[in-house]
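Enquirer: Below is entry_34.cif; it holds mmCIF, C-alpha atoms and all ligand atoms.
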data_run
loop_
_atom_site.label_atom_id
_atom_site.label_comp_id
_atom_site.auth_asym_id
_atom_site.auth_seq_id
_atom_site.Cartn_x
_atom_site.Cartn_y
_atom_site.Cartn_z
CA MET E 1089 41.28 159.67 67.23
CA ARG E 1090 37.85 158.39 68.04
CA LEU E 1091 35.05 159.64 65.85
CA PRO E 1092 31.85 160.08 67.83
CA GLN E 1093 29.73 160.50 64.73
CA SER E 1094 29.67 156.75 64.20
CA ARG E 1095 27.89 156.37 67.51
CA PHE E 1096 24.93 158.28 66.16
CA SER E 1097 24.38 156.23 63.06
CA ARG E 1098 21.51 154.44 64.75
CA VAL E 1099 19.55 157.63 65.20
CA SER E 1100 20.63 159.67 62.22
CA LEU E 1101 18.21 158.06 59.74
CA PRO E 1102 14.99 158.90 61.61
CA PHE E 1103 16.22 162.43 62.14
CA ALA E 1104 16.98 162.74 58.45
CA LEU E 1105 13.54 161.46 57.49
CA LEU E 1106 11.98 164.05 59.72
CA GLY E 1107 13.94 166.79 58.02
CA GLY E 1108 15.61 167.82 61.25
CA GLY E 1109 12.41 167.79 63.31
CA ALA E 1110 13.33 165.65 66.26
CA LEU E 1111 10.14 165.05 68.14
CA LEU E 1112 8.70 161.98 66.47
CA LEU E 1113 11.33 159.32 66.94
CA PRO E 1114 9.82 155.85 67.26
CA LEU E 1115 9.94 154.71 70.87
CA SER E 1116 12.20 151.77 70.07
CA VAL E 1117 14.74 154.09 68.43
CA GLN E 1118 14.65 156.45 71.43
CA ALA E 1119 15.29 153.60 73.83
CA ASP E 1120 18.05 152.33 71.61
CA ALA E 1121 19.75 155.73 71.45
CA LEU E 1122 19.52 156.29 75.18
CA GLN E 1123 20.90 152.83 75.88
CA GLN E 1124 23.68 153.49 73.39
CA GLN E 1125 24.59 156.64 75.31
CA LEU E 1126 24.71 154.74 78.60
CA ASP E 1127 26.77 152.00 76.97
CA ASP E 1128 29.17 154.57 75.56
CA LEU E 1129 29.50 156.18 78.99
CA GLN E 1130 31.00 152.90 80.18
CA ASP E 1131 33.93 153.65 77.87
CA PHE E 1132 36.44 156.37 78.67
CA GLN E 1133 35.06 159.78 77.70
CA VAL E 1134 37.00 162.76 76.40
CA ILE E 1135 35.10 165.84 77.57
CA ALA E 1136 36.05 169.15 75.97
CA HIS E 1137 35.91 171.63 78.85
CA ARG E 1138 34.18 174.77 77.50
CA GLY E 1139 35.19 173.41 74.07
CA ALA E 1140 38.88 173.14 73.20
CA SER E 1141 39.24 176.18 75.42
CA GLY E 1142 43.00 175.95 75.74
CA TYR E 1143 43.24 176.90 72.07
CA ALA E 1144 40.33 179.28 71.53
CA PRO E 1145 38.03 181.48 73.60
CA GLU E 1146 35.96 179.28 75.89
CA GLN E 1147 32.41 178.40 74.88
CA THR E 1148 32.65 180.29 71.58
CA LEU E 1149 32.18 178.72 68.19
CA PRO E 1150 35.92 178.36 67.42
CA ALA E 1151 36.47 176.44 70.66
CA LEU E 1152 33.51 174.18 70.01
CA GLU E 1153 34.36 173.64 66.34
CA LEU E 1154 37.91 172.70 67.23
CA ALA E 1155 36.82 170.26 69.94
CA HIS E 1156 34.36 168.70 67.52
CA GLU E 1157 37.10 168.32 64.91
CA MET E 1158 39.23 166.62 67.55
CA GLY E 1159 36.53 163.98 67.85
CA VAL E 1160 35.70 164.50 71.51
CA ASP E 1161 32.92 162.54 73.13
CA TYR E 1162 31.25 165.55 74.76
CA LEU E 1163 31.22 169.31 74.41
CA GLU E 1164 31.09 170.72 77.94
CA LEU E 1165 29.18 173.97 78.44
CA ASP E 1166 28.13 176.05 81.43
CA ILE E 1167 24.55 177.18 81.05
CA GLN E 1168 23.20 180.40 82.54
CA MET E 1169 20.13 182.49 81.80
CA THR E 1170 19.82 186.04 80.57
CA ALA E 1171 17.54 188.68 82.07
CA ASP E 1172 15.04 187.90 79.31
CA GLY E 1173 15.13 184.16 79.89
CA GLU E 1174 17.50 182.93 77.17
CA LEU E 1175 19.95 180.13 77.89
CA VAL E 1176 23.54 181.04 77.12
CA ALA E 1177 26.88 179.23 77.35
CA PHE E 1178 29.07 181.16 79.77
CA HIS E 1179 31.05 180.21 82.84
CA ASP E 1180 31.45 183.24 85.08
CA GLU E 1181 28.59 184.94 86.86
CA THR E 1182 30.16 188.24 85.83
CA LEU E 1183 31.28 189.44 82.43
CA GLY E 1184 34.64 191.05 83.11
CA ARG E 1185 37.04 188.15 82.55
CA ALA E 1186 35.76 186.53 79.38
CA THR E 1187 34.23 189.48 77.53
CA ASP E 1188 34.92 193.17 77.00
CA GLY E 1189 32.01 193.90 79.33
CA GLU E 1190 32.79 195.41 82.66
CA GLY E 1191 32.56 193.91 86.07
CA GLU E 1192 34.14 191.14 88.06
CA GLY E 1193 33.16 192.26 91.55
CA GLU E 1194 30.04 191.31 93.42
CA GLY E 1195 27.00 193.02 91.94
CA GLU E 1196 28.95 194.31 88.95
CA GLY E 1197 28.46 193.18 85.40
CA GLU E 1198 26.38 190.21 86.41
CA LEU E 1199 25.23 188.16 83.44
CA LYS E 1200 21.78 187.65 84.94
CA ASN E 1201 21.08 191.39 84.63
CA PHE E 1202 21.76 191.53 80.88
CA THR E 1203 19.37 190.75 78.05
CA LEU E 1204 20.51 188.51 75.25
CA GLU E 1205 20.73 191.51 72.93
CA GLU E 1206 23.03 193.26 75.39
CA LEU E 1207 25.21 190.18 75.81
CA LYS E 1208 25.41 189.71 72.05
CA ALA E 1209 26.95 193.16 71.77
CA LEU E 1210 29.97 192.03 73.80
CA ASP E 1211 33.25 190.73 72.42
CA ALA E 1212 33.80 187.29 73.92
CA GLY E 1213 36.98 186.55 71.98
CA SER E 1214 39.57 189.31 72.26
CA TRP E 1215 40.31 188.65 75.94
CA PHE E 1216 41.68 185.23 74.96
CA ASN E 1217 44.37 186.78 72.78
CA GLN E 1218 45.62 188.71 75.79
CA ALA E 1219 45.35 185.79 78.18
CA SER E 1220 46.85 183.14 75.86
CA PRO E 1221 49.17 184.93 73.42
CA GLU E 1222 50.70 181.64 72.27
CA TYR E 1223 47.36 180.66 70.75
CA ALA E 1224 46.15 184.15 69.84
CA ASP E 1225 44.34 184.60 66.55
CA ASP E 1226 42.99 187.91 65.23
CA ALA E 1227 39.95 186.02 64.03
CA PHE E 1228 38.88 185.42 67.63
CA ALA E 1229 38.18 189.12 68.11
CA GLY E 1230 34.46 189.77 68.09
CA GLU E 1231 33.37 186.22 68.85
CA ARG E 1232 29.99 186.31 70.54
CA ILE E 1233 28.47 184.59 73.53
CA LEU E 1234 26.40 181.71 72.17
CA THR E 1235 22.92 180.68 73.10
CA LEU E 1236 22.43 177.01 73.78
CA GLY E 1237 20.06 176.98 70.84
CA GLU E 1238 22.78 178.25 68.52
CA VAL E 1239 25.14 175.53 69.69
CA ILE E 1240 22.53 172.86 69.12
CA GLU E 1241 21.63 174.28 65.71
CA ARG E 1242 25.29 174.05 64.72
CA PHE E 1243 26.13 170.54 65.89
CA GLY E 1244 22.74 168.85 66.23
CA THR E 1245 22.98 165.17 67.04
CA ASN E 1246 26.46 164.95 65.56
CA ALA E 1247 27.75 165.92 68.98
CA ARG E 1248 26.95 165.13 72.57
CA TYR E 1249 26.59 167.89 75.14
CA TYR E 1250 27.66 167.85 78.79
CA LEU E 1251 25.67 170.75 80.16
CA GLU E 1252 26.11 172.31 83.58
CA THR E 1253 23.38 174.22 85.32
CA LYS E 1254 25.77 176.90 86.53
CA SER E 1255 24.84 178.79 89.71
CA PRO E 1256 21.24 177.63 89.29
CA GLU E 1257 20.13 179.37 92.48
CA ARG E 1258 20.56 182.64 90.54
CA TYR E 1259 18.23 181.49 87.79
CA PRO E 1260 14.85 180.22 88.98
CA GLY E 1261 13.37 178.10 86.20
CA ILE E 1262 16.65 177.31 84.48
CA GLU E 1263 16.09 173.57 84.77
CA GLU E 1264 12.71 173.80 83.08
CA ALA E 1265 14.08 175.98 80.31
CA LEU E 1266 17.02 173.64 79.77
CA VAL E 1267 14.98 170.46 79.65
CA GLU E 1268 12.45 172.15 77.35
CA GLU E 1269 15.19 173.20 74.96
CA LEU E 1270 16.76 169.76 74.91
CA GLU E 1271 13.41 168.08 74.41
CA ALA E 1272 12.46 170.50 71.65
CA HIS E 1273 15.60 169.51 69.76
CA GLY E 1274 15.18 165.81 70.53
CA LEU E 1275 18.52 165.63 72.24
CA ILE E 1276 17.52 163.64 75.30
CA GLU E 1277 15.88 160.83 73.35
CA ALA E 1278 18.82 160.93 70.94
CA GLY E 1279 21.13 160.15 73.87
CA ALA E 1280 23.08 163.32 73.20
CA ALA E 1281 22.88 165.15 76.53
CA VAL E 1282 24.30 164.79 80.02
CA ILE E 1283 23.35 167.33 82.67
CA GLN E 1284 25.81 168.12 85.45
CA SER E 1285 25.67 170.45 88.43
CA PHE E 1286 27.27 171.19 91.76
CA SER E 1287 23.70 171.73 92.96
CA GLN E 1288 21.97 168.54 94.00
CA PRO E 1289 18.58 170.33 94.11
CA SER E 1290 19.11 171.42 90.51
CA LEU E 1291 19.81 167.85 89.39
CA LEU E 1292 16.77 166.56 91.26
CA GLU E 1293 14.68 169.22 89.56
CA VAL E 1294 15.96 168.09 86.17
CA GLN E 1295 15.16 164.50 87.06
CA ALA E 1296 11.61 165.45 88.04
CA LEU E 1297 11.18 167.08 84.65
CA ASN E 1298 12.72 164.29 82.60
CA ASP E 1299 14.12 161.17 84.23
CA GLU E 1300 15.89 159.91 81.11
CA VAL E 1301 18.72 162.39 80.84
CA PRO E 1302 21.88 161.06 82.54
CA LEU E 1303 22.94 163.24 85.46
CA VAL E 1304 26.38 163.86 86.94
CA GLN E 1305 26.83 165.25 90.43
CA LEU E 1306 29.76 167.64 90.54
CA VAL E 1307 31.80 167.83 93.72
CA TRP E 1308 34.69 170.03 94.79
CA TYR E 1309 36.91 168.96 97.64
CA TYR E 1310 38.99 171.50 99.50
CA PRO E 1311 40.53 172.09 102.93
CA LYS E 1312 38.05 174.18 104.89
CA GLU E 1313 40.79 175.93 106.80
CA ASP E 1314 44.12 176.95 105.29
CA GLY E 1315 46.78 174.42 106.17
CA GLU E 1316 44.26 171.85 107.40
CA GLU E 1317 44.54 168.35 106.02
CA ARG E 1318 40.89 167.51 106.47
CA LEU E 1319 38.95 168.02 103.27
CA VAL E 1320 35.30 168.92 102.88
CA GLU E 1321 32.99 169.06 99.90
CA TRP E 1322 31.87 172.53 98.84
CA THR E 1323 28.09 171.97 99.05
CA GLY E 1324 28.24 169.15 101.57
CA VAL E 1325 26.81 166.63 99.15
CA THR E 1326 29.38 164.12 100.43
CA PRO E 1327 31.81 164.11 103.33
CA GLY E 1328 35.47 164.59 102.50
CA PRO E 1329 37.15 161.77 100.56
CA SER E 1330 38.82 160.25 103.63
CA GLU E 1331 35.45 159.97 105.43
CA ILE E 1332 33.28 158.97 102.53
CA GLU E 1333 31.28 155.77 102.86
CA ASP E 1334 29.48 153.54 100.41
CA ALA E 1335 26.17 155.03 101.55
CA ASP E 1336 27.33 158.48 100.41
CA PHE E 1337 27.99 157.21 96.91
CA GLU E 1338 24.77 155.19 96.95
CA ALA E 1339 22.82 158.34 97.78
CA ILE E 1340 24.19 159.98 94.64
CA ARG E 1341 23.60 156.84 92.59
CA ASP E 1342 19.90 157.21 93.38
CA TYR E 1343 19.68 160.05 90.87
CA ALA E 1344 22.98 160.30 89.00
CA VAL E 1345 25.05 158.04 86.77
CA GLY E 1346 28.30 159.60 87.84
CA ILE E 1347 30.31 161.97 89.92
CA GLY E 1348 32.48 164.77 88.52
CA THR E 1349 35.31 165.69 90.83
CA ASN E 1350 38.41 167.80 91.10
CA LEU E 1351 41.78 166.06 91.34
CA THR E 1352 43.59 168.87 93.10
CA TYR E 1353 42.98 171.94 95.17
CA GLU E 1354 44.75 175.00 93.78
CA ASP E 1355 46.82 172.76 91.49
CA GLU E 1356 48.87 171.59 94.45
CA LEU E 1357 47.01 169.48 96.94
CA GLN E 1358 45.75 166.16 95.57
CA VAL E 1359 42.25 165.63 96.96
CA ILE E 1360 41.28 162.20 95.60
CA ASP E 1361 43.18 158.99 95.04
CA ALA E 1362 42.80 155.64 93.33
CA ALA E 1363 40.84 154.26 96.28
CA PHE E 1364 38.24 157.05 95.93
CA VAL E 1365 37.78 156.17 92.27
CA GLU E 1366 37.54 152.49 93.04
CA GLN E 1367 34.97 153.02 95.79
CA ALA E 1368 32.80 155.26 93.62
CA GLN E 1369 32.91 152.79 90.76
CA ALA E 1370 32.18 149.88 93.13
CA ASN E 1371 29.03 151.79 93.98
CA ASP E 1372 28.13 151.93 90.31
CA LEU E 1373 29.07 155.55 89.74
CA LEU E 1374 31.10 156.78 86.81
CA VAL E 1375 34.02 159.01 87.80
CA HIS E 1376 34.80 162.02 85.60
CA VAL E 1377 37.58 164.36 86.68
CA TYR E 1378 37.99 168.08 85.95
CA THR E 1379 39.92 170.03 84.69
CA ILE E 1380 43.02 168.16 83.63
CA ASN E 1381 45.41 169.79 81.17
CA GLU E 1382 48.79 168.18 81.85
CA ALA E 1383 49.66 164.84 80.29
CA ASP E 1384 51.15 163.51 83.56
CA ASP E 1385 47.90 164.10 85.40
CA MET E 1386 45.90 162.62 82.55
CA GLN E 1387 48.05 159.49 82.60
CA LEU E 1388 47.74 159.18 86.39
CA LEU E 1389 43.97 159.26 86.11
CA LEU E 1390 43.98 156.82 83.21
CA ASP E 1391 46.07 154.48 85.36
CA TRP E 1392 43.48 154.80 88.11
CA GLY E 1393 40.81 153.81 85.61
CA VAL E 1394 38.62 156.92 85.70
CA ASP E 1395 35.73 156.99 83.25
CA GLY E 1396 36.32 160.40 81.74
CA ILE E 1397 38.36 163.58 81.90
CA PHE E 1398 37.37 167.19 81.29
CA THR E 1399 40.18 169.02 79.53
CA ASP E 1400 40.86 172.30 77.77
CA PHE E 1401 43.29 170.42 75.49
CA PRO E 1402 41.41 167.42 74.08
CA ASP E 1403 44.19 166.60 71.62
CA ARG E 1404 46.58 165.91 74.52
CA LEU E 1405 44.09 163.49 76.02
CA ASN E 1406 43.34 161.90 72.67
CA ALA E 1407 47.04 161.21 72.23
CA LEU E 1408 47.02 159.17 75.44
CA VAL E 1409 43.84 157.21 74.88
CA GLU E 1410 44.11 156.39 71.18
O1 LIG A 1501 31.78 171.02 84.96
C1 LIG A 1501 32.99 170.46 85.30
C2 LIG A 1501 33.91 171.59 85.58
O2 LIG A 1501 33.78 172.41 84.47
C3 LIG A 1501 33.50 172.29 86.83
O3 LIG A 1501 34.21 173.42 87.00
O4 LIG A 1501 34.19 175.83 87.23
O5 LIG A 1501 34.99 174.79 85.13
O6 LIG A 1501 32.58 174.80 85.67
P1 LIG A 1501 33.98 174.78 86.21
CA CA A 1502 31.57 173.41 84.02
#
Can you turn what I pasted into structure tokens?
Expert:
Amino acid sequence: MRLPQSRFSRVSLPFALLGGGALLLPLSVQADALQQQLDDLQDFQVIAHRGASGYAPEQTLPALELAHEMGVDYLELDIQMTADGELVAFHDETLGRATDGEGEGEGEGELKNFTLEELKALDAGSWFNQASPEYADDAFAGERILTLGEVIERFGTNARYYLETKSPERYPGIEEALVEELEAHGLIEAGAAVIQSFSQPSLLEVQALNDEVPLVQLVWYYPKEDGEERLVEWTGVTPGPSEIEDADFEAIRDYAVGIGTNLTYEDELQVIDAAFVEQAQANDLLVHVYTINEADDMQLLLDWGVDGIFTDFPDRLNALVE
């Protein structure tokens, strides 16, 4: 198992001397830490999707603690914003699936309409015991939605964070709030943050605010019409994989270090292949693939030479890459 802590030894001393205050790193140390992050990204990355969310309720402390114990390279989190402007780690736009709050339909139980205090009153753990009885644990009951600040307070620079601006069009100002929070904790200069999004405008906004944080453009390929072979990309940021050209990857390379893509559509239809990975990498883009939970798929992607995999079961991936 790889231990990411060792990668932070070059920045841990200045942080310690500052007593946890992270704003006054010498410039040479900042540059060193950022370069170290980029160097590390050239190695294969194990990305814990919503934490070790196969084993514990996604984006809660138990899932993040477990992923951290597994020695993952990044903790992946979806970041949204509460009605009173707090950043929280939560995937769905609505609360019904992953909390005891109500609402999964349009306009119902939307996270953006809840204050942090209201969200903190919800149980974000018990649902997991129903959904995944094989990994159920009574202790998960009552787990709370976490703020990004709470996550950072817990793991500091002993972890790296792969943060998605989730549905950013719903949250005007989320990029500014996110960059501010990361800067306040010194995480960008520590080389501890990647920001990802399906929204190109959101990534460009982040870049305008701070051009040092590595960005990953998420893409999702799917057949526009049922039964059609031709694939399209959800937001149109690239053409479908069979039509993609070097210029399409180059356009992403202008602002991002990598591309994060699905492997399959509805677990059945494979949407990318080894040639896609090769072409992206030839255009100097890292290729990270989500969300891969079966060892066969992991091995296929490792054989293709992808640069990282998002998984709910980091231990399975660790077993293949160790
Ligand atoms: O961020 C990579 C992957 O997590 C994208 O899918 O829906 O799980 O956020 P989703
Ligand atoms: Ca995500």
Enquirer: Could you tell me, counting all atoms listed in the file, which protein and nucleic acid residues lie no more than 9 Å from ligand CA 1502 (chain A), written as a PyMOL selection string?
Expert: chain E and resi 1137-1138+1164-1167+1179+1250-1254+1284-1285+1306+1378+1398
Enquirer: Closest to Leu1129 (chain E) among E:Glu1293, E:Glu1190, E:Asp1400, E:Asp1395, using only C-alpha atoms?
Expert: E:Asp1395
Enquirer: Can you tell me how far CA of Glu1316 (chain E) sits from CA of Tyr1353 (chain E), in Å to one decimal?
Expert: 12.3 Å
Enquirer: Can you work out the spacing between CA of Ala1219 (chain E) and CA of Gly1184 (chain E) in Å, to one decimal?
Expert: 12.9 Å
Enquirer: Can you work out which one of E:Met1386, E:Ala1296, E:Asp1188, E:Ala1144 has the shortest atom-to-atom distance to Pro1221 (chain E), counting all atoms listed in the file?
Expert: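 Closest candidate: E:Ala1144.
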Enquirer: Using all atoms listed in the file, pick whichever of E:Gly1173, E:Pro1114, E:Gly1324, E:Gly1213 has the shortest atom-to-atom distance to Tyr1143 (chain E).
Expert: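 Of E:Gly1173, E:Pro1114, E:Gly1324, E:Gly1213, the one nearest Tyr1143 (chain E) is E:Gly1213, counting all atoms listed in the file.
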Enquirer: Using only C-alpha atoms and all ligand atoms, pick whichever of E:Gly1139, E:Gly1159, E:Pro1302, E:Pro1402 has the shortest atom-to-atom distance to ligand LIG 1501 (chain A).
Expert: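 Selected residue with least distance to ligand LIG 1501 (chain A): E:Gly1139.
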Enquirer: My list of candidates is E:Asp1127, E:Glu1354, E:Glu1269, E:Asp1403. Which is closest to Tyr1309 (chain E) when distances are computed with only C-alpha atoms?
Expert: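 The shortest atom-to-atom distance to Tyr1309 (chain E) comes from E:Glu1354.
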Enquirer: Show which residues sit within 12 Å of Gln1123 (chain E), as a list in words. Count all atoms listed in the file, and ignore same-chain residues fewer than 3 positions away.
Expert: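 Those residues are Arg1095, Phe1096, Arg1098, Val1099, Ser1116, Val1117, Gln1118, Ala1119, Asp1120, Leu1126, Asp1127, Asp1128, Leu1129, Gln1130, Ile1276, Glu1277, Ala1278, Gly1279, Ala1280, Glu1300, Val1301 and Pro1302 of chain E.
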Enquirer: Export, as a short mmCIF file (atom, residue, chain, number, x, y, z; two decimals), keeping the file's coordinate frame, the selected residues with C-alpha atoms.
Expert:
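So the final result, stored in again22.cif, reads:
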data_model
loop_
_atom_site.label_atom_id
_atom_site.label_comp_id
_atom_site.auth_asym_id
_atom_site.auth_seq_id
_atom_site.Cartn_x
_atom_site.Cartn_y
_atom_site.Cartn_z
CA ARG E 1095 27.89 156.37 67.51
CA PHE E 1096 24.93 158.28 66.16
CA ARG E 1098 21.51 154.44 64.75
CA VAL E 1099 19.55 157.63 65.20
CA SER E 1116 12.20 151.77 70.07
CA VAL E 1117 14.74 154.09 68.43
CA GLN E 1118 14.65 156.45 71.43
CA ALA E 1119 15.29 153.60 73.83
CA ASP E 1120 18.05 152.33 71.61
CA LEU E 1126 24.71 154.74 78.60
CA ASP E 1127 26.77 152.00 76.97
CA ASP E 1128 29.17 154.57 75.56
CA LEU E 1129 29.50 156.18 78.99
CA GLN E 1130 31.00 152.90 80.18
CA ILE E 1276 17.52 163.64 75.30
CA GLU E 1277 15.88 160.83 73.35
CA ALA E 1278 18.82 160.93 70.94
CA GLY E 1279 21.13 160.15 73.87
CA ALA E 1280 23.08 163.32 73.20
CA GLU E 1300 15.89 159.91 81.11
CA VAL E 1301 18.72 162.39 80.84
CA PRO E 1302 21.88 161.06 82.54
#
Enquirer: Rank nothing, just name the residue among E:Ala1171, E:Leu1357, E:Val1377, E:Leu1388 nearest to ligand LIG 1501 (chain A), using all atoms listed in the file.
Expert: E:Val1377
Enquirer: What is the CA of Phe1286 (chain E) to CA of Trp1215 (chain E) distance in Å?
Expert: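 Value for the CA of Phe1286 (chain E)-CA of Trp1215 (chain E) distance: 26.9 Å.
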Enquirer: Pick out the residues sitting within 8 Å of region 1228-1239 of chain E, and hand them over as a ChimeraX atom specification; count only C-alpha atoms, and ignore anything fewer than 4 positions along from it in its own chain.
Expert: /E:1144-1145,1147-1150,1167,1174-1178,1207-1214,1216-1217,1224,1243-1244,1269
Enquirer: Render region 1368-1388 of chain E from the structure in the preceding block as a file of C-alpha atoms, as a PDB file, in the first residue's frame.
Expert:
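The file below, out_5.pdb, is the result:
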ATOM      1  CA  ALA E1368      -5.429  12.109 -24.729  1.00  0.00           C
ATOM      2  CA  GLN E1369      -2.055  11.310 -23.213  1.00  0.00           C
ATOM      3  CA  ALA E1370      -0.282  12.130 -26.489  1.00  0.00           C
ATOM      4  CA  ASN E1371      -1.874  15.550 -26.123  1.00  0.00           C
ATOM      5  CA  ASP E1372      -0.380  15.864 -22.666  1.00  0.00           C
ATOM      6  CA  LEU E1373      -3.552  15.185 -20.725  1.00  0.00           C
ATOM      7  CA  LEU E1374      -3.778  12.841 -17.780  1.00  0.00           C
ATOM      8  CA  VAL E1375      -6.631  10.343 -18.035  1.00  0.00           C
ATOM      9  CA  HIS E1376      -8.573   9.507 -14.863  1.00  0.00           C
ATOM     10  CA  VAL E1377     -11.549   7.167 -15.144  1.00  0.00           C
ATOM     11  CA  TYR E1378     -14.664   6.999 -12.951  1.00  0.00           C
ATOM     12  CA  THR E1379     -16.203   5.085 -11.202  1.00  0.00           C
ATOM     13  CA  ILE E1380     -14.562   1.690 -11.358  1.00  0.00           C
ATOM     14  CA  ASN E1381     -15.394  -0.890  -8.715  1.00  0.00           C
ATOM     15  CA  GLU E1382     -14.737  -4.261 -10.356  1.00  0.00           C
ATOM     16  CA  ALA E1383     -11.224  -5.679 -10.454  1.00  0.00           C
ATOM     17  CA  ASP E1384     -11.574  -6.747 -14.110  1.00  0.00           C
ATOM     18  CA  ASP E1385     -12.353  -3.204 -15.179  1.00  0.00           C
ATOM     19  CA  MET E1386      -9.562  -1.831 -13.031  1.00  0.00           C
ATOM     20  CA  GLN E1387      -7.095  -4.230 -14.622  1.00  0.00           C
ATOM     21  CA  LEU E1388      -8.302  -3.352 -18.129  1.00  0.00           C
TER      22      LEU E1388
END
